[in-house]
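These notes are about the structure you will find just below.
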Amino acid sequence: MNKQDFFKEISSMENLFLAWDEFIKGKKQKLDVLEFSLHLSENIYKLHSDLLDKSYTHGGYTHFNISDPKPRNISKASVRDRLLHHAIYRVLYPYFDQKFIHDSYSCRKWKGTHRAMDRFREFSCKVSQNNTKQCWVLKCDVRKFFASIDHQTLKEILKYNRLDQDTLWLLDRVIDSFHTPIHISVMTDMCIGLPLGNLTSQLLVNIYMNEFDQYVKHRLKVKYYIRYADDFVILDQNKTTLNNLLRYIKVFLENHLKLNLHPNKISIKTLASGVDFLGWVNFPHHRVLRTTTKRRMLKNLSNNLKPESVRSYFGMLKHGNAHKLQNVIIKLSDLDVIREAEEK
C-alpha cells in the first residue's frame, strides 16, 4: 500500500460503515450505541466530513474500575470516537502486523495466550534438549505499561513507519486525547499514557514494543524469546547469559522507550522449579494453573454457574494439567451444565 492510501481508506464512508458493523457486535442494546444509531448515516457522514476537512477532535472519556484480576482503570471513549478507533484499526492493523516478530502474541489474530504457552513449551524442549539439559528462564514485566507509554516517542516511531502526514495527524489526535495525569512533567512538557479501553491502544502498544522486540531478536540475537503485552520471557541453558542480557534490556527500555521493568517481577529460574507465565506455572513435563487464578475461578463459578461460564473455564483448563480442578467444577455444577460444556 502506498503511503498516501492510509488516510483515504480510514476516512472513507465504506470503511466507516464496515467499522460500525464490527463495533456494534455485542453492543446493540447499549444506550449510547442506540442513540448514535438513530441517525447513523448522518453521524457517519459528519465524522467522514470532519476527517476530510481536519476539523475532527477526539472527545473525552468516562472512567470506571474493574478487577481483571488486579484493579484496572478503564477509560471509555464516546461511540463516535470508538467507531473511528475501529476504522483506524481495520486499515493499520494488517500493515503493522506483518512488521511484528513471530513471537509477539498479544492482541494479534491467530495468536493469544494459548499459542504463547505452546510456544513456551516448544522453546523449553529445544533449550533443554528434551529435558536432558538445564533450562533457565528470564521472566520480566514492564512497570505500569499502558500508563507509561511516552507520547513523543510513540509519534517518532510512527513517523518512520511510512505513514502519510494525514494519518499521522489523525493518530496524534487519538494519542493526545488521553494522558496519565500524575506523569505530566511541566518542565519537560512530557506526556505519557494510553487508555485501557481503546482498540487503537492495543495496536499502538504493539508498535511501541516492536522496537524492543526487534532489538532483542536482531541486536541481542536472542533466539528463544516470547512477549505477551508487557510480559516477556527468554530461555537459555546459561544463567550468566540471561543476567548479561538483563542489563542490556534495562538500558534499552529506559533510554529508548522510557519504560522500566517492575523490580518485583524480574526472575531467573530453572524450568524444573516452575516458571509462572500467563497464568500457568510451567514445568518440564506439565503446567498447572496459578494458585491465585484457581481461587479466582472457583470464586467466580460459585457466583455464576451459567453454561457459558462453565464452558469457558473447561476450555481454559484443557491447556494444562487440571483434572482435579475439573472434578471440583463438576461437583459445583449441575450435571446438565457439565454435559453441555463437555459436548462443546
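By order in the C-alpha cells, chains are A, B, ...; within a chain, residues start at 1; ligands start at 1, following the order shown.
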Near-Lys265 in chain A list (8 Å; only C-alpha atoms; drop same-chain fewer than 3 positions) as a PyMOL selection string | chain A and resi 139-141+261-262
Non-local contacts of Asn131 in chain A (7 Å; only C-alpha atoms; under 3 positions in same chain excluded) as a PyMOL selection string | chain A and resi 125+128+284
Shell of 8 Å around Leu16 in chain A, only C-alpha atoms, local chain residues under 4 positions omitted, as a PyMOL selection string | chain A and resi 10-12+20+44+48+83-84+87
Excluding Ser177 in chain A and any residue of its chain fewer than 3 positions from it, enumerate the residues within 12 Å of it, using only C-alpha atoms, and give them as an NGL selection string.
-> :A and (56-61 or 75-78 or 81 or 151 or 170-174 or 180 or 191-195 or 198 or 200-201)
Shortest interatomic distance to His218 in chain A - which of A:Asn282, A:Ile101, A:Leu40, A:Gln152, counting only C-alpha atoms =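 Comparing A:Asn282, A:Ile101, A:Leu40, A:Gln152 against His218 in chain A, the winner is A:Ile101.
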May I have the residues within 12 Å of Lys133 in chain A as a VMD selection string, using only C-alpha atoms and disregarding those fewer than 5 positions away in the same chain?
-> chain A and resid 124 to 128 236 to 238 270 to 272 284
May I have all residues of range 34-176 of chain A that DSSP, computed from the backbone, assigns to alpha helix (DSSP H), given as a ChimeraX atom specification?
-> /A:34-37,40-52,79-97,113-127,151-159,165-175
Keeping C-alpha atoms for every residue in the selection just given, could you write it to a file as a PDB file, in the first residue's frame?
ATOM      1  CA  LEU A  34     -28.743   3.058  20.288  1.00  0.00           C
ATOM      2  CA  GLU A  35     -28.696   6.856  20.378  1.00  0.00           C
ATOM      3  CA  PHE A  36     -25.909   7.039  17.794  1.00  0.00           C
ATOM      4  CA  SER A  37     -27.639   4.515  15.531  1.00  0.00           C
ATOM      5  CA  LEU A  40     -26.455   6.536  11.818  1.00  0.00           C
ATOM      6  CA  SER A  41     -25.967   7.784   8.258  1.00  0.00           C
ATOM      7  CA  GLU A  42     -25.901  11.433   9.334  1.00  0.00           C
ATOM      8  CA  ASN A  43     -23.466  10.708  12.190  1.00  0.00           C
ATOM      9  CA  ILE A  44     -21.101   8.717   9.992  1.00  0.00           C
ATOM     10  CA  TYR A  45     -21.220  11.305   7.243  1.00  0.00           C
ATOM     11  CA  LYS A  46     -20.433  14.056   9.787  1.00  0.00           C
ATOM     12  CA  LEU A  47     -17.439  12.052  11.035  1.00  0.00           C
ATOM     13  CA  HIS A  48     -16.314  11.489   7.442  1.00  0.00           C
ATOM     14  CA  SER A  49     -16.630  15.207   6.700  1.00  0.00           C
ATOM     15  CA  ASP A  50     -14.781  16.247   9.885  1.00  0.00           C
ATOM     16  CA  LEU A  51     -11.912  13.936   8.982  1.00  0.00           C
ATOM     17  CA  LEU A  52     -11.612  15.260   5.446  1.00  0.00           C
ATOM     18  CA  VAL A  79     -19.377   5.968  20.403  1.00  0.00           C
ATOM     19  CA  ARG A  80     -18.205   8.323  17.651  1.00  0.00           C
ATOM     20  CA  ASP A  81     -14.584   8.044  18.747  1.00  0.00           C
ATOM     21  CA  ARG A  82     -14.732   4.300  19.295  1.00  0.00           C
ATOM     22  CA  LEU A  83     -16.168   3.911  15.795  1.00  0.00           C
ATOM     23  CA  LEU A  84     -13.169   5.827  14.471  1.00  0.00           C
ATOM     24  CA  HIS A  85     -10.814   3.604  16.502  1.00  0.00           C
ATOM     25  CA  HIS A  86     -12.247   0.594  14.682  1.00  0.00           C
ATOM     26  CA  ALA A  87     -11.882   2.366  11.334  1.00  0.00           C
ATOM     27  CA  ILE A  88      -8.211   3.098  12.066  1.00  0.00           C
ATOM     28  CA  TYR A  89      -7.571  -0.410  13.307  1.00  0.00           C
ATOM     29  CA  ARG A  90      -9.154  -2.038  10.232  1.00  0.00           C
ATOM     30  CA  VAL A  91      -6.686  -0.290   7.942  1.00  0.00           C
ATOM     31  CA  LEU A  92      -3.491  -0.104  10.001  1.00  0.00           C
ATOM     32  CA  TYR A  93      -3.505  -3.487  11.748  1.00  0.00           C
ATOM     33  CA  PRO A  94      -2.706  -5.542   8.600  1.00  0.00           C
ATOM     34  CA  TYR A  95       0.057  -3.115   7.656  1.00  0.00           C
ATOM     35  CA  PHE A  96       1.808  -3.264  11.025  1.00  0.00           C
ATOM     36  CA  ASP A  97       1.118  -6.896  11.841  1.00  0.00           C
ATOM     37  CA  THR A 113      -2.198 -16.769  25.382  1.00  0.00           C
ATOM     38  CA  HIS A 114      -2.642 -20.425  24.435  1.00  0.00           C
ATOM     39  CA  ARG A 115      -0.371 -20.153  21.409  1.00  0.00           C
ATOM     40  CA  ALA A 116       2.174 -18.273  23.514  1.00  0.00           C
ATOM     41  CA  MET A 117       2.154 -21.078  26.101  1.00  0.00           C
ATOM     42  CA  ASP A 118       2.518 -23.710  23.390  1.00  0.00           C
ATOM     43  CA  ARG A 119       5.479 -21.784  22.022  1.00  0.00           C
ATOM     44  CA  PHE A 120       6.968 -21.648  25.527  1.00  0.00           C
ATOM     45  CA  ARG A 121       6.715 -25.433  25.742  1.00  0.00           C
ATOM     46  CA  GLU A 122       8.308 -25.796  22.297  1.00  0.00           C
ATOM     47  CA  PHE A 123      11.193 -23.489  23.258  1.00  0.00           C
ATOM     48  CA  SER A 124      11.742 -25.216  26.606  1.00  0.00           C
ATOM     49  CA  CYS A 125      12.078 -28.579  24.866  1.00  0.00           C
ATOM     50  CA  LYS A 126      14.636 -27.158  22.435  1.00  0.00           C
ATOM     51  CA  VAL A 127      16.691 -25.337  25.068  1.00  0.00           C
ATOM     52  CA  HIS A 151       3.620  10.094  23.503  1.00  0.00           C
ATOM     53  CA  GLN A 152       6.544  11.773  21.786  1.00  0.00           C
ATOM     54  CA  THR A 153       8.498   8.534  21.455  1.00  0.00           C
ATOM     55  CA  LEU A 154       5.432   6.786  20.032  1.00  0.00           C
ATOM     56  CA  LYS A 155       4.898   9.563  17.489  1.00  0.00           C
ATOM     57  CA  GLU A 156       8.534   9.351  16.371  1.00  0.00           C
ATOM     58  CA  ILE A 157       8.193   5.596  15.887  1.00  0.00           C
ATOM     59  CA  LEU A 158       5.064   6.123  13.783  1.00  0.00           C
ATOM     60  CA  LYS A 159       6.815   8.711  11.611  1.00  0.00           C
ATOM     61  CA  GLN A 165       1.013  13.032   7.064  1.00  0.00           C
ATOM     62  CA  ASP A 166      -2.785  12.911   7.291  1.00  0.00           C
ATOM     63  CA  THR A 167      -2.697   9.570   9.087  1.00  0.00           C
ATOM     64  CA  LEU A 168      -0.040  10.887  11.463  1.00  0.00           C
ATOM     65  CA  TRP A 169      -2.266  13.906  12.135  1.00  0.00           C
ATOM     66  CA  LEU A 170      -5.168  11.608  12.974  1.00  0.00           C
ATOM     67  CA  LEU A 171      -3.105   9.336  15.219  1.00  0.00           C
ATOM     68  CA  ASP A 172      -1.797  12.407  17.047  1.00  0.00           C
ATOM     69  CA  ARG A 173      -5.409  13.314  17.855  1.00  0.00           C
ATOM     70  CA  VAL A 174      -6.061   9.841  19.255  1.00  0.00           C
ATOM     71  CA  ILE A 175      -2.789   9.639  21.200  1.00  0.00           C
TER      72      ILE A 175
END
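Selecting strand (DSSP E) from the backbone DSSP output for range 75-233 of chain A yields Ser75, Lys76, Ala77, Trp136, Val137, Leu138, Lys139, Cys140, Asp141, Tyr225, Ile226, Arg227, Tyr228, Asp231, Phe232 and Val233 of chain A.
If you measure from each of A:Lys144, A:Lys258, A:His39, A:Arg108 to Gln202 in chain A using only C-alpha atoms, the closest one turns out to be A:Arg108.
CA of Tyr228 in chain A is found 27.6 Å from CA of Thr132 in chain A.
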Taking into account only C-alpha atoms, which residue in the set A:Lys109, A:Arg143, A:His286, A:Lys99 is nearest to Asn161 in chain A?
-> A:Lys99
Name the residues in contact with Val222 in chain A at a cut-off of 12 Å, using only C-alpha atoms, excluding same-chain residues fewer than 4 positions from it; report them as a ChimeraX atom specification.
-> /A:103,138,212-218,226,233-236,241-242,244-246,248-249
Quick one, how far is CA of Tyr105 in chain A from CA of Glu9 in chain A?
-> 26.8 Å
In Å, rounded to a single decimal, give me how far CA of Ala229 in chain A is from CA of Ser106 in chain A.
->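 Going from CA of Ser106 in chain A over to CA of Ala229 in chain A, I get 5.3 Å.
Checking A:Met209, A:His256, A:Ser267, A:Trp136 one by one against Phe283 in chain A, counting only C-alpha atoms, you find the shortest gap at A:Trp136.
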